[in-house]
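S.K.: run_13.cif is reproduced below (mmCIF, C-alpha atoms).
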```cif
data_protein
loop_
_atom_site.label_atom_id
_atom_site.label_comp_id
_atom_site.auth_asym_id
_atom_site.auth_seq_id
_atom_site.Cartn_x
_atom_site.Cartn_y
_atom_site.Cartn_z
CA MET J 1 5.85 -49.56 -1.94
CA SER J 2 6.33 -45.92 -2.91
CA LEU J 3 3.96 -44.22 -5.31
CA SER J 4 4.89 -43.76 -8.96
CA GLU J 5 4.73 -40.30 -10.55
CA PHE J 6 1.29 -41.01 -12.03
CA GLY J 7 0.04 -42.66 -8.86
CA LEU J 8 1.11 -39.59 -6.90
CA ILE J 9 -0.80 -37.30 -9.23
CA GLN J 10 -3.88 -39.51 -9.21
CA ARG J 11 -3.97 -39.86 -5.43
CA PHE J 12 -3.35 -36.27 -4.34
CA PHE J 13 -4.20 -33.89 -7.18
CA THR J 14 -7.19 -35.16 -9.20
CA LYS J 15 -10.06 -34.95 -6.70
CA GLN J 16 -11.16 -31.33 -6.97
CA ALA J 17 -14.83 -30.61 -6.47
CA VAL J 18 -14.74 -27.44 -8.62
CA LYS J 19 -14.97 -27.30 -12.38
CA ASN J 20 -14.29 -23.94 -13.97
CA PRO J 21 -16.44 -23.28 -17.07
CA SER J 22 -13.29 -22.53 -19.09
CA THR J 23 -11.83 -26.00 -18.54
CA ARG J 24 -12.58 -28.35 -21.45
CA LEU J 25 -9.97 -30.95 -20.50
CA GLY J 26 -7.81 -31.07 -17.39
CA ILE J 27 -5.37 -33.60 -15.94
CA GLY J 28 -4.94 -36.88 -17.82
CA ASP J 29 -3.80 -36.04 -21.36
CA ASP J 30 -0.69 -34.55 -22.97
CA CYS J 31 -2.15 -31.05 -22.71
CA ALA J 32 -5.06 -29.35 -21.03
CA LEU J 33 -7.69 -27.62 -23.15
CA LEU J 34 -9.25 -24.25 -22.22
CA THR J 35 -12.04 -22.23 -23.74
CA ILE J 36 -11.43 -18.47 -23.88
CA PRO J 37 -14.76 -16.58 -24.12
CA ASP J 38 -15.19 -13.95 -26.82
CA GLY J 39 -14.15 -10.51 -25.64
CA TYR J 40 -11.60 -11.76 -23.10
CA GLU J 41 -7.83 -11.96 -22.94
CA LEU J 42 -5.81 -14.66 -21.19
CA ALA J 43 -3.53 -13.45 -18.37
CA VAL J 44 -0.67 -15.88 -17.61
CA THR J 45 1.85 -15.80 -14.76
CA THR J 46 4.38 -18.21 -13.26
CA ASP J 47 6.31 -18.37 -10.00
CA THR J 48 8.79 -20.74 -8.37
CA MET J 49 9.50 -21.32 -4.69
CA VAL J 50 12.74 -23.04 -3.62
CA GLU J 51 13.46 -24.50 -0.20
CA ASN J 52 15.82 -22.31 1.89
CA VAL J 53 15.33 -19.43 -0.56
CA HIS J 54 11.58 -18.72 -0.45
CA PHE J 55 10.63 -20.86 2.53
CA PHE J 56 12.35 -22.47 5.49
CA ALA J 57 13.28 -26.13 5.48
CA GLY J 58 10.61 -27.98 7.41
CA ALA J 59 7.88 -25.44 6.55
CA GLU J 60 4.38 -26.72 7.32
CA PRO J 61 3.21 -28.30 4.03
CA ARG J 62 -0.44 -27.20 4.19
CA GLN J 63 0.65 -23.58 4.60
CA LEU J 64 3.21 -24.05 1.84
CA GLY J 65 0.60 -25.33 -0.60
CA HIS J 66 -1.66 -22.38 0.19
CA LYS J 67 1.11 -19.81 -0.17
CA LEU J 68 2.43 -21.26 -3.44
CA LEU J 69 -0.96 -20.80 -5.06
CA ALA J 70 -1.70 -17.50 -3.32
CA VAL J 71 1.37 -15.72 -4.68
CA ASN J 72 0.37 -16.65 -8.23
CA LEU J 73 -3.27 -15.68 -7.79
CA SER J 74 -2.00 -12.36 -6.41
CA ASP J 75 -0.30 -11.65 -9.76
CA LEU J 76 -3.59 -12.23 -11.54
CA ALA J 77 -5.35 -9.95 -9.05
CA ALA J 78 -2.86 -7.19 -9.84
CA MET J 79 -3.90 -7.39 -13.51
CA GLY J 80 -7.62 -7.35 -12.74
CA ALA J 81 -7.91 -10.95 -14.00
CA ARG J 82 -10.27 -13.60 -12.66
CA PRO J 83 -8.31 -16.85 -12.15
CA ILE J 84 -9.55 -19.92 -13.99
CA SER J 85 -6.85 -22.59 -13.80
CA VAL J 86 -3.34 -23.46 -12.67
CA MET J 87 -0.57 -25.91 -13.49
CA LEU J 88 1.69 -27.30 -10.77
CA ALA J 89 5.30 -28.52 -11.03
CA LEU J 90 6.73 -30.36 -8.02
CA THR J 91 10.38 -31.35 -7.59
CA LEU J 92 10.55 -33.59 -4.52
CA PRO J 93 13.55 -35.16 -2.74
CA GLN J 94 11.37 -38.18 -1.92
CA VAL J 95 7.71 -39.22 -1.91
CA ASP J 96 6.34 -38.40 1.55
CA GLU J 97 2.63 -39.22 1.46
CA THR J 98 1.82 -37.38 4.70
CA TRP J 99 3.59 -34.25 3.41
CA LEU J 100 1.85 -34.49 0.03
CA ALA J 101 -1.59 -34.91 1.58
CA ALA J 102 -1.17 -31.75 3.67
CA PHE J 103 0.36 -29.79 0.78
CA ALA J 104 -2.49 -30.77 -1.54
CA GLN J 105 -5.03 -29.81 1.12
CA GLY J 106 -3.61 -26.29 1.34
CA PHE J 107 -3.21 -25.88 -2.42
CA LEU J 108 -6.56 -27.31 -3.50
CA GLY J 109 -8.39 -25.69 -0.60
CA LEU J 110 -7.43 -22.22 -1.83
CA ALA J 111 -8.09 -23.25 -5.44
CA GLY J 112 -11.61 -24.28 -4.45
CA GLN J 113 -12.26 -20.93 -2.78
CA HIS J 114 -11.67 -19.19 -6.13
CA ASN J 115 -13.19 -21.81 -8.48
CA VAL J 116 -9.76 -22.55 -9.95
CA ASP J 117 -9.03 -25.87 -11.66
CA LEU J 118 -5.70 -27.68 -11.41
CA ILE J 119 -5.35 -28.75 -15.05
CA GLY J 120 -1.88 -30.31 -15.23
CA GLY J 121 1.79 -30.03 -14.35
CA ASP J 122 4.81 -32.22 -13.70
CA THR J 123 6.61 -34.09 -10.92
CA THR J 124 10.34 -34.81 -10.74
CA ALA J 125 12.94 -35.91 -8.17
CA GLY J 126 15.40 -33.40 -6.74
CA THR J 127 15.78 -30.52 -4.29
CA LEU J 128 12.37 -29.36 -3.03
CA THR J 129 11.21 -26.83 -5.62
CA LEU J 130 7.61 -25.79 -6.24
CA GLY J 131 6.34 -24.07 -9.38
CA VAL J 132 2.96 -22.83 -10.55
CA GLN J 133 1.65 -21.36 -13.77
CA ALA J 134 -1.64 -19.55 -13.24
CA LEU J 135 -4.12 -18.42 -15.88
CA GLY J 136 -6.92 -15.89 -15.66
CA LEU J 137 -9.39 -14.00 -17.80
CA VAL J 138 -9.75 -10.25 -18.17
CA PRO J 139 -12.06 -8.35 -20.55
CA SER J 140 -10.15 -7.21 -23.63
CA GLY J 141 -8.45 -3.88 -23.05
CA GLN J 142 -9.27 -3.77 -19.31
CA ALA J 143 -6.12 -5.34 -17.82
CA LEU J 144 -4.44 -3.26 -15.12
CA LEU J 145 -0.86 -2.46 -16.13
CA ARG J 146 2.20 -1.11 -14.33
CA SER J 147 2.77 1.39 -17.12
CA ALA J 148 -0.43 3.47 -16.86
CA ALA J 149 0.11 5.73 -13.82
CA GLN J 150 -0.57 9.41 -14.49
CA VAL J 151 0.75 12.57 -12.85
CA GLY J 152 -1.77 13.68 -10.24
CA ASP J 153 -2.99 10.15 -9.46
CA PHE J 154 -3.47 9.21 -5.84
CA ILE J 155 -1.56 6.11 -4.66
CA TYR J 156 -3.55 3.54 -2.70
CA VAL J 157 -2.94 0.18 -1.05
CA SER J 158 -5.56 -2.47 -0.37
CA GLY J 159 -4.64 -3.25 3.25
CA ASN J 160 -2.04 -3.21 6.01
CA LEU J 161 1.68 -3.23 5.26
CA GLY J 162 4.50 -4.96 7.09
CA ASP J 163 2.59 -7.77 8.81
CA ALA J 164 4.17 -10.47 6.67
CA GLY J 165 7.58 -8.90 7.25
CA LEU J 166 6.92 -9.06 10.97
CA GLY J 167 5.85 -12.67 10.56
CA LEU J 168 9.20 -13.43 8.94
CA LYS J 169 11.05 -11.77 11.81
CA ILE J 170 9.00 -13.79 14.32
CA SER J 171 9.93 -16.95 12.40
CA GLN J 172 13.56 -15.91 12.76
CA GLY J 173 13.28 -15.44 16.52
CA TYR J 174 11.80 -11.98 17.17
CA CYS J 175 9.36 -12.04 20.09
CA CYS J 176 6.13 -10.06 20.30
CA GLY J 177 3.01 -10.31 22.43
CA ASP J 178 0.58 -11.54 19.75
CA PRO J 179 2.46 -13.31 16.93
CA ASP J 180 -0.42 -15.29 15.38
CA ALA J 181 -1.84 -12.66 13.01
CA ALA J 182 1.58 -11.71 11.64
CA LEU J 183 2.56 -15.36 11.17
CA ALA J 184 -0.71 -16.00 9.33
CA ARG J 185 -0.04 -13.09 6.96
CA PHE J 186 3.45 -14.49 6.27
CA ASN J 187 2.50 -18.16 5.92
CA THR J 188 -0.99 -18.00 4.37
CA PRO J 189 -1.44 -14.70 2.49
CA THR J 190 -4.79 -13.77 0.97
CA PRO J 191 -4.71 -12.95 -2.76
CA ARG J 192 -6.79 -9.80 -3.32
CA ILE J 193 -8.78 -11.21 -6.25
CA GLU J 194 -12.02 -9.34 -5.56
CA THR J 195 -10.14 -6.07 -5.09
CA GLY J 196 -8.42 -6.50 -8.44
CA LEU J 197 -11.76 -7.14 -10.14
CA ALA J 198 -13.26 -4.06 -8.46
CA LEU J 199 -10.40 -1.90 -9.78
CA ARG J 200 -11.19 -2.58 -13.45
CA GLY J 201 -12.16 0.68 -15.10
CA ILE J 202 -11.18 2.64 -11.97
CA ALA J 203 -7.44 2.24 -11.35
CA HIS J 204 -4.79 3.35 -13.83
CA ALA J 205 -1.74 1.29 -12.77
CA CYS J 206 -1.52 -1.64 -10.36
CA ILE J 207 1.00 -4.09 -8.89
CA ASP J 208 0.96 -6.62 -6.07
CA ILE J 209 3.33 -6.05 -3.15
CA SER J 210 5.55 -9.11 -3.16
CA ASP J 211 9.04 -7.61 -2.75
CA GLY J 212 8.14 -4.58 -0.60
CA LEU J 213 6.17 -1.39 -1.21
CA ALA J 214 9.19 0.74 -2.15
CA SER J 215 10.47 -1.80 -4.66
CA ASP J 216 7.13 -2.66 -6.23
CA LEU J 217 5.87 0.94 -6.43
CA GLY J 218 9.23 1.66 -8.05
CA HIS J 219 8.28 -0.71 -10.89
CA ILE J 220 5.15 1.36 -11.53
CA LEU J 221 7.17 4.58 -11.50
CA GLY J 222 9.79 3.20 -13.88
CA GLN J 223 7.36 1.75 -16.39
CA SER J 224 5.04 4.78 -16.23
CA GLN J 225 7.99 7.24 -16.35
CA VAL J 226 6.75 9.24 -13.36
CA GLY J 227 7.77 9.86 -9.75
CA ALA J 228 5.91 9.74 -6.45
CA CYS J 229 5.80 10.93 -2.88
CA ILE J 230 4.36 8.68 -0.19
CA ASN J 231 3.31 9.79 3.27
CA TRP J 232 4.74 7.57 6.02
CA ASP J 233 2.11 8.73 8.49
CA ALA J 234 -0.65 7.54 6.13
CA LEU J 235 0.65 3.96 5.82
CA PRO J 236 -1.91 1.44 7.12
CA LEU J 237 -0.04 -0.38 9.89
CA SER J 238 -1.35 -2.91 12.40
CA ASP J 239 -0.82 -2.45 16.12
CA ALA J 240 1.70 -5.30 16.02
CA VAL J 241 3.80 -3.59 13.33
CA LEU J 242 3.60 -0.25 15.14
CA GLY J 243 4.74 -2.03 18.30
CA TYR J 244 7.69 -3.52 16.43
CA ILE J 245 8.69 -0.08 15.12
CA VAL J 246 8.49 1.47 18.58
CA ALA J 247 10.55 -1.37 20.06
CA THR J 248 13.24 -1.44 17.37
CA GLY J 249 13.21 1.98 15.67
CA ASP J 250 13.03 0.15 12.32
CA TRP J 251 10.51 2.42 10.58
CA LEU J 252 11.71 1.29 7.15
CA MET J 253 10.45 -2.27 7.64
CA PRO J 254 6.88 -1.80 6.30
CA LEU J 255 8.32 -0.05 3.24
CA VAL J 256 10.76 -2.79 2.27
CA ALA J 257 9.40 -6.06 3.70
CA GLY J 258 7.99 -8.47 1.15
CA ASP J 259 5.19 -11.04 1.14
CA ASP J 260 2.31 -8.66 1.99
CA TYR J 261 0.52 -9.44 -1.31
CA GLU J 262 -1.64 -6.36 -0.99
CA LEU J 263 -2.33 -4.38 -4.16
CA CYS J 264 -0.69 -1.00 -4.73
CA PHE J 265 -2.44 1.06 -7.39
CA THR J 266 -2.96 4.56 -8.71
CA VAL J 267 -6.27 6.27 -9.38
CA SER J 268 -7.40 9.71 -10.47
CA PRO J 269 -8.87 11.99 -7.77
CA GLU J 270 -12.19 11.84 -9.63
CA GLN J 271 -12.35 8.03 -9.38
CA ALA J 272 -11.09 7.77 -5.79
CA PRO J 273 -14.62 7.94 -4.25
CA SER J 274 -15.49 4.76 -6.19
CA LEU J 275 -12.87 2.69 -4.34
CA PRO J 276 -13.74 0.09 -1.70
CA ALA J 277 -13.68 1.63 1.79
CA TYR J 278 -10.81 -0.61 2.98
CA CYS J 279 -8.36 0.87 0.44
CA ARG J 280 -6.05 3.50 1.95
CA LYS J 281 -4.51 6.53 0.22
CA ILE J 282 -0.77 6.75 0.91
CA GLY J 283 0.67 9.18 -1.64
CA LEU J 284 0.66 11.03 -4.94
CA ILE J 285 2.10 10.44 -8.41
CA GLU J 286 4.34 13.33 -9.46
CA ALA J 287 6.18 14.40 -12.61
CA THR J 288 9.63 14.53 -10.97
CA PRO J 289 11.30 11.11 -11.25
CA GLY J 290 12.16 9.13 -8.13
CA LEU J 291 10.38 7.94 -5.00
CA ARG J 292 10.17 10.38 -2.11
CA LEU J 293 8.98 9.87 1.45
CA ASN J 294 7.24 12.47 3.57
CA LYS J 295 7.93 11.47 7.17
CA SER J 296 6.40 13.86 9.68
CA GLY J 297 6.82 16.81 7.33
CA THR J 298 10.39 16.02 6.23
CA ILE J 299 10.72 14.87 2.61
CA GLN J 300 13.59 12.56 1.72
CA LEU J 301 14.54 10.55 -1.34
CA LEU J 302 13.85 6.88 -0.75
CA LYS J 303 16.60 4.71 -2.24
CA VAL J 304 15.81 1.36 -0.66
CA LYS J 305 15.03 -1.87 -2.45
CA GLY J 306 13.09 -4.97 -1.67
CA TYR J 307 14.36 -8.53 -2.09
CA GLU J 308 16.16 -9.31 -5.36
CA HIS J 309 17.59 -12.63 -6.54
CA PHE J 310 21.25 -12.67 -7.67
CA SER J 311 22.02 -9.44 -5.78
#
```
If you convert what's in this file into structure tokens, what do you get?

M.R.:
Amino acid sequence: MSLSEFGLIQRFFTKQAVKNPSTRLGIGDDCALLTIPDGYELAVTTDTMVENVHFFAGAEPRQLGHKLLAVNLSDLAAMGARPISVMLALTLPQVDETWLAAFAQGFLGLAGQHNVDLIGGDTTAGTLTLGVQALGLVPSGQALLRSAAQVGDFIYVSGNLGDAGLGLKISQGYCCGDPDAALARFNTPTPRIETGLALRGIAHACIDISDGLASDLGHILGQSQVGACINWDALPLSDAVLGYIVATGDWLMPLVAGDDYELCFTVSPEQAPSLPAYCRKIGLIEATPGLRLNKSGTIQLLKVKGYEHFS
């Protein structure tokens, strides 16, 4: 006998060991109840993943559960918010208990790492579609915004670029000598929560790299009404990505590939020494609009975009 909607929720999604201090009431009532401490603001984000659009049919469910939560926690990280709770909406073609057990393991495993409560959601029947709403806390007035970059700021990223893009290409048939690290970056990204918290009071503008560096940095430039020049030779690239570029000549890939979920942020030269050592400087905010690329001393206007729906 197949599980009912409420039986499904009870069996797979109500056995978390964590309990965030902000959760007054979680799963089991018409609404969840949260306590917002004095002096804090609530940061809220939502994301949806659809089969054959955001992930391949037959994707490993544990990895899928991890990634679904990770991409939402990454948005909170980009705002300098500490995650507290999430809501999960599942549209399933059928109830597959083995699939659900693995999915829940990946989702709740990452939630437990960050002391995040699953406080509610919804389940329906239909094409496999996964949605999350994530909530976090940030001290009032300290949220990192896309609109606060200043001329003269240095541009930094929190880690290597292009590994997830390489993982996608490997999933599509590209062969390389050591695929495991790139596949892990693509399938189970790490949300840079601690980096986002460390950037409070230091960074001016911040965004997570979900659609590609060029596209996401472009959002900062547009909302801050500034331009930028990035140095290709300064991009932090793994040996695997460098090997891919040498083999294919595709030097644009780490600039346009999505799913890295690193943070891209701007900081004044005076504050740059306060940054964590793993953050890498890749460019400069300028007054002239547009995004430029310095590649081996030649500066060119960069007019590439990352992934966009409906385009």

S.K.: What are the nearest atom pairs, with distances in Å to one decimal, for all residues of stretch 224-288 of chain J that come at most 9 Å from stretch 186-199 of chain J, using all atoms listed in the file, set out by chain and rising residue number as JSON lines?

M.R.:
```
{"residue": "J:Asp259", "atom": "CA", "partner": "J:Phe186", "partner_atom": "CA", "distance": 6.4}
{"residue": "J:Asp260", "atom": "CA", "partner": "J:Pro189", "partner_atom": "CA", "distance": 7.1}
{"residue": "J:Tyr261", "atom": "CA", "partner": "J:Pro191", "partner_atom": "CA", "distance": 6.5}
{"residue": "J:Glu262", "atom": "CA", "partner": "J:Arg192", "partner_atom": "CA", "distance": 6.6}
{"residue": "J:Leu263", "atom": "CA", "partner": "J:Arg192", "partner_atom": "CA", "distance": 7.1}
{"residue": "J:Phe265", "atom": "CA", "partner": "J:Leu199", "partner_atom": "CA", "distance": 8.8}
{"residue": "J:Leu275", "atom": "CA", "partner": "J:Leu199", "partner_atom": "CA", "distance": 7.5}
{"residue": "J:Pro276", "atom": "CA", "partner": "J:Thr195", "partner_atom": "CA", "distance": 7.9}
```

S.K.: What are the nearest atom pairs, with distances in Å to one decimal, for all residues of stretch 60-176 of chain J that come at most 9 Å from stretch 208-230 of chain J, using all atoms listed in the file, set out by chain and rising residue number as CSV?

M.R.:
```
residue,atom,partner,partner_atom,distance
J:Val71,CA,J:Ser210,CA,8.0
J:Ser74,CA,J:Asp208,CA,6.5
J:Asp75,CA,J:Asp208,CA,6.4
J:Ala77,CA,J:Asp208,CA,7.7
J:Ala78,CA,J:Asp208,CA,5.4
J:Met79,CA,J:Asp208,CA,8.9
J:Leu145,CA,J:Ile220,CA,8.5
J:Arg146,CA,J:Ile220,CA,4.8
J:Ser147,CA,J:Ser224,CA,4.2
J:Ala148,CA,J:Ser224,CA,5.7
J:Ala149,CA,J:Ser224,CA,5.6
J:Gln150,CA,J:Val226,CA,7.4
J:Val151,CA,J:Val226,CA,6.9
J:Ile155,CA,J:Ile230,CA,7.9
J:Leu161,CA,J:Leu213,CA,8.1
J:Gly162,CA,J:Gly212,CA,8.5
J:Gly165,CA,J:Gly212,CA,9.0
```

S.K.: Could you work out how far atom CA of J:Val157 lies from atom CA of J:Thr48, giving the answer in Å with one decimal?

M.R.: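 Between these atoms lies a distance of 25.1 Å.
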
S.K.: Counting only C-alpha atoms, which residue out of J:Gly109, J:Cys176, J:Ile207, J:Arg82 sits closest to J:Ala247?

M.R.: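 Closest to J:Ala247, using only C-alpha atoms: J:Cys176.
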
S.K.: For a test of reading the model, state the distance in Å between atom CA of J:Arg24 and atom CA of J:Gly141, rounded to one decimal.

M.R.: 24.9 Å

S.K.: Could you give me, as a Markdown table, a per-residue list for stretch 118-197 of chain J showing, wherever an atom lies at most 10 Å from an atom of stretch 27-47 of chain J, the closest pair of atoms and their distance in Å to one decimal, using all atoms listed in the file and sorting by chain then residue number from low to high?

M.R.:
```
| residue | atom | partner | partner_atom | distance |
| --- | --- | --- | --- | --- |
| J:Leu118 | CA | J:Ile27 | CA | 7.5 |
| J:Ile119 | CA | J:Ile27 | CA | 4.9 |
| J:Gly120 | CA | J:Ile27 | CA | 4.8 |
| J:Gly121 | CA | J:Ile27 | CA | 8.2 |
| J:Leu130 | CA | J:Asp47 | CA | 8.4 |
| J:Gly131 | CA | J:Asp47 | CA | 5.7 |
| J:Val132 | CA | J:Thr46 | CA | 5.5 |
| J:Gln133 | CA | J:Thr46 | CA | 4.2 |
| J:Ala134 | CA | J:Thr45 | CA | 5.3 |
| J:Leu135 | CA | J:Val44 | CA | 4.6 |
| J:Gly136 | CA | J:Ala43 | CA | 5.0 |
| J:Leu137 | CA | J:Leu42 | CA | 5.0 |
| J:Val138 | CA | J:Glu41 | CA | 5.4 |
| J:Pro139 | CA | J:Tyr40 | CA | 4.3 |
| J:Ser140 | CA | J:Tyr40 | CA | 4.8 |
| J:Gly141 | CA | J:Glu41 | CA | 8.1 |
| J:Gln142 | CA | J:Glu41 | CA | 9.1 |
| J:Ala143 | CA | J:Ala43 | CA | 8.5 |
```

S.K.: Nearest to J:Gly65: which of J:Met253, J:Leu110, J:Ala205, J:Ala234 is it, counting all atoms listed in the file?

M.R.: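 Checking each candidate against J:Gly65, we get J:Leu110 as the closest.
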
S.K.: Counting all atoms listed in the file, which residue out of J:Ala203, J:Ile170, J:Val50, J:Ile84 sits closest to J:Cys264?

M.R.: J:Ala203

S.K.: Would you compute an axis-aligned box for stretch 215-227 of chain J, covering every atom listed for it in the file with 6 Å of margin on each side, and report centre and edge lengths in Å to one decimal as AutoDock Vina command-line options?

M.R.:
```
--center_x 7.8 --center_y 3.6 --center_z -10.5 --size_x 17.4 --size_y 24.5 --size_z 23.7
```

S.K.: Out of J:Ala70, J:Thr266, J:Gly283, J:Trp232, which residue has the shortest atom-to-atom distance to J:Ser296 when counting all atoms listed in the file?

M.R.: J:Trp232

S.K.: When you draw a straight line from atom CA of J:Val241 to atom CA of J:Leu166, how long is it in Å?

M.R.: 6.7 Å

S.K.: For J:Leu284, which of J:Glu270, J:Lys67, J:Ala181, J:Gly152 is the closest residue, counting all atoms listed in the file?

M.R.: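 So, comparing all the options, the nearest one is J:Gly152.
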
S.K.: Residues near J:Ala184, anyone? I mean within 9 Å using all atoms listed in the file, not counting same-chain ones fewer than 5 positions away, as an mmCIF file with C-alpha atoms, keeping the file's coordinate frame.

M.R.:
```cif
data_model
loop_
_atom_site.group_PDB
_atom_site.id
_atom_site.type_symbol
_atom_site.label_atom_id
_atom_site.label_comp_id
_atom_site.auth_asym_id
_atom_site.auth_seq_id
_atom_site.Cartn_x
_atom_site.Cartn_y
_atom_site.Cartn_z
ATOM 1 C CA ASP J 163 2.590 -7.770 8.810
ATOM 2 C CA ALA J 164 4.170 -10.470 6.670
ATOM 3 C CA GLY J 167 5.850 -12.670 10.560
ATOM 4 C CA PRO J 179 2.460 -13.310 16.930
ATOM 5 C CA PRO J 189 -1.440 -14.700 2.490
#
```

S.K.: Apply the PyMOL selection byres ((chain J and resi 300) around 12) to the file shown and report the selected residues as an mmCIF file with C-alpha atoms, in the frame of the given file.

M.R.:
```cif
data_model
loop_
_atom_site.group_PDB
_atom_site.id
_atom_site.type_symbol
_atom_site.label_atom_id
_atom_site.label_comp_id
_atom_site.auth_asym_id
_atom_site.auth_seq_id
_atom_site.Cartn_x
_atom_site.Cartn_y
_atom_site.Cartn_z
ATOM 1 C CA ALA J 228 5.910 9.740 -6.450
ATOM 2 C CA CYS J 229 5.800 10.930 -2.880
ATOM 3 C CA ILE J 230 4.360 8.680 -0.190
ATOM 4 C CA ASN J 231 3.310 9.790 3.270
ATOM 5 C CA TRP J 232 4.740 7.570 6.020
ATOM 6 C CA GLY J 290 12.160 9.130 -8.130
ATOM 7 C CA LEU J 291 10.380 7.940 -5.000
ATOM 8 C CA ARG J 292 10.170 10.380 -2.110
ATOM 9 C CA LEU J 293 8.980 9.870 1.450
ATOM 10 C CA ASN J 294 7.240 12.470 3.570
ATOM 11 C CA LYS J 295 7.930 11.470 7.170
ATOM 12 C CA SER J 296 6.400 13.860 9.680
ATOM 13 C CA GLY J 297 6.820 16.810 7.330
ATOM 14 C CA THR J 298 10.390 16.020 6.230
ATOM 15 C CA ILE J 299 10.720 14.870 2.610
ATOM 16 C CA LEU J 301 14.540 10.550 -1.340
ATOM 17 C CA LEU J 302 13.850 6.880 -0.750
ATOM 18 C CA LYS J 303 16.600 4.710 -2.240
ATOM 19 C CA VAL J 304 15.810 1.360 -0.660
#
```
